[in-house]
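Asker: Below: one structure in structure tokens.
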Amino acid sequence: MSALSKYFDQAISGATCREVLHPGLECGQFARQNFLGSIGSNVRFFLPISLLRLLLLVYGRKACSLGVFRQTSRELAAMVLNALCVANCWTGTFCLLTKLTGRIINNYSVSMAPVLGSCAMFFMPSYVQTTHAKAIFAANLECWIKSRESGLFERMRDSRTFGTVCFMLLSAGIARYASKTHHRSEFWFFQPLKRKQPEEKVCQHSETSCARYVLSGMRTYFTFGAILELARRLIVSVGQLHQTPMQRMRALLRIRYRLILFLTLYNGTFRLVTCLLGRYRQQVKEYDNTIAGFASGLWYYVCPSYNIFNLAVSALTQTHWNFLMERYAQIPIVQQLDRVSFASLVWIVSMCYVTYSRAYYPWAMSKFALKFIDICSNYASRTASENFAHRFLAPH
């Protein structure tokens with residue numbers, strides 16, 4: 001399939017948007033049908049995500065209020081509207097370019113078509129901007145890593161040891177820069193401790209006991225991981241109406257136990273190492289968080305995952321950016337940059353890469369990215385991708 005990007009013009013020569021994107025329908029008919037169909041498909045896709053968001057808000061605030069329901073409802077509406085803009089602008093631009101130029105143009109028809117619709121992200125709530133940008137960035141990074149064809153990349157992909165060492169370095173970087181920021185902190189699976197004043201006690205946590213501090217973190221992330229996994233399995237199993245109650249129960253219990261173990265040990269190790277370092281020398285050092293982050297990253301070996309690894313890349317990028325914005329906050333150009341919604345810019349670029357990947361590297365895409373672009377476009381992207389492949393593989 002990767003060869004299709006190199007021989008696109010030969011494979012798609014003479015094709016029209018009707019042959020590739022909407023067989024059997026005229027552009028106007030397809031536009032109406034796809035718009036109505038994408039409304040239902042987007043609601044079905046984002047509703048489980050919104051329910052999970054509701055559960056996490058209730059868990060975090062320790063209360064279930066009308067305000068939480070209103071917030072999640074607004075976010076659900078924003079997610080659906082944003083996806084509708086992307087999906088329908090992509091298909092509309094694809095047809096428009098084909099009609100205007102008389103042919104399907106490599107990259108412009110495939111990759112650049114969703115740009116206009118993706119700009120709607122600038123008007124979305126901040127939660128939608130950040131979560132969507134991070135999710136699609138992580139998914140695209142997985143596709144990029146999997147689609148590299150060199151032998152070196154192949155060996156690195158297959159090495160759990162190499163992946164663990166890289167994750168340990170990422171974890172150390174997150175701890176280093178997160179501990180240096182003052183006003184903003186990205187969500188991660190540990191919270192670096194920050195020195196406030198020299199006369200504080202050796203351990204910077206508020207609990208009276210180090211053991212209680214460590215166990216509290218482990219209990220929190222064990223609970224968080226268990227709720228996250230149970231909610232995920234519940235959402236997946238709800239639509240499987242043909243199953244018996246026993247089959248549903250088995251499906252519900254098919255959770256990723258190693259992920260829960262990783263989250264529990266990862267956070268517990270970070271807290272334990274910071275306490276041990278402080279008590280050993282009776283003094284807290286600036287680099288304690290970095291050492292603890294590096295050491296706790298060793299647990300990645302238990303649960304190697306593209307999702308966790310790429311989330312760490314995203315978190316490190318964001319925390320380093322926050323650190324730079326605070327360090328150089330007095331420079332006028334930095335103040336202007338800090339007002340820009342970079343999450344929206346990441347989203348726009350990422351959506352271009354998603355459509356490119358769907359056409360040329362569908363085998364390398366993550367399940368989430370593949371499901372996202374297919375369902376949100378009412379499966380128009382799958383139709384186009386399959387027709388691209390059929391024309392390329394067809395005998396000439």
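Chain labels run A, B, ... following the order of the structure tokens; each chain numbers its residues from 1, and ligands are numbered from 1 in the order shown.
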Got a sec: who's within 12 Å of range 290-300 of chain A, counting only C-alpha atoms, leaving out chain neighbours fewer than 5 positions off, as a VMD selection string?

Answerer: chain A and resid 160 to 180 188 to 194 258 to 278 285 305 to 309 312 316

Asker: Counting only C-alpha atoms, what is within 10 Å of Arg382 in chain A, bar same-chain residues fewer than 2 positions away, as a list in words?

Answerer: Leu21, Arg358, Ala359, Pro362, Leu370, Lys371, Ile373, Asp374, Ile375, Ser377, Asn378, Tyr379, Ala380, Ala384, Ser385, Glu386, Asn387 and Phe388 of chain A

Asker: Write out as a list in words which residues come within 8 Å of Glu142 in chain A when counting only C-alpha atoms, dropping same-chain ones fewer than 4 positions away.

Answerer: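 Those residues are Ala138, Lys146, Tyr306, Asn307, Asn310, Ala364, Met365 and Ser366 of chain A.
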
Asker: So that I can check the surroundings of range 69-73 of chain A, please list as JSON, numbers by chain every protein, DNA and RNA residue that reaches within 9 Å of it, counting only C-alpha atoms and ignoring chain neighbours fewer than 5 positions away.

Answerer: {"A": [50, 51, 53, 54, 57, 64, 78]}

Asker: Store the residues picked out above in a file with N, CA, C and O atoms, as a compact mmCIF listing (two decimals), in the first residue's frame.

Answerer:
```txt
# COMPACT_ATOMS: atom_id res chain seq x y z
N SER A 50 -18.11 10.87 25.64
CA SER A 50 -18.73 11.85 26.53
C SER A 50 -19.17 11.20 27.85
O SER A 50 -19.04 11.81 28.92
N LEU A 51 -19.68 9.98 27.78
CA LEU A 51 -20.08 9.27 29.00
C LEU A 51 -18.87 8.99 29.88
O LEU A 51 -18.93 9.11 31.12
N ARG A 53 -16.12 10.77 29.90
CA ARG A 53 -15.77 12.09 30.43
C ARG A 53 -16.64 12.44 31.64
O ARG A 53 -16.16 12.97 32.65
N LEU A 54 -17.93 12.12 31.55
CA LEU A 54 -18.86 12.37 32.66
C LEU A 54 -18.44 11.58 33.90
O LEU A 54 -18.42 12.13 35.02
N LEU A 57 -15.33 13.17 35.45
CA LEU A 57 -15.64 14.42 36.14
C LEU A 57 -16.31 14.16 37.49
O LEU A 57 -15.99 14.80 38.50
N CYS A 64 -22.06 14.45 41.72
CA CYS A 64 -22.78 14.39 40.44
C CYS A 64 -23.82 15.51 40.45
O CYS A 64 -24.82 15.43 41.15
N ALA A 78 -20.09 20.14 20.88
CA ALA A 78 -18.93 20.74 20.21
C ALA A 78 -18.15 19.68 19.44
O ALA A 78 -17.69 19.92 18.31
```

Asker: Taking the chain letters and numbering used in this document, name the residues of range 95-203 of chain A that DSSP puts in alpha helix (DSSP H), as number ranges by chain.

Answerer: A: 95-101, 115-118, 126-147, 151-158, 160-178

Asker: CA of Leu81 in chain A to CA of Ile39 in chain A: how many Å, to one decimal?

Answerer: 8.6 Å

Asker: State, in Å with one decimal place, the distance from CA of Leu97 in chain A to CA of Phe30 in chain A.

Answerer: 15.6 Å

Asker: What is the CA of Lys367 in chain A to CA of Ile255 in chain A distance in Å?

Answerer: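 Going from CA of Lys367 in chain A over to CA of Ile255 in chain A, I get 16.8 Å.
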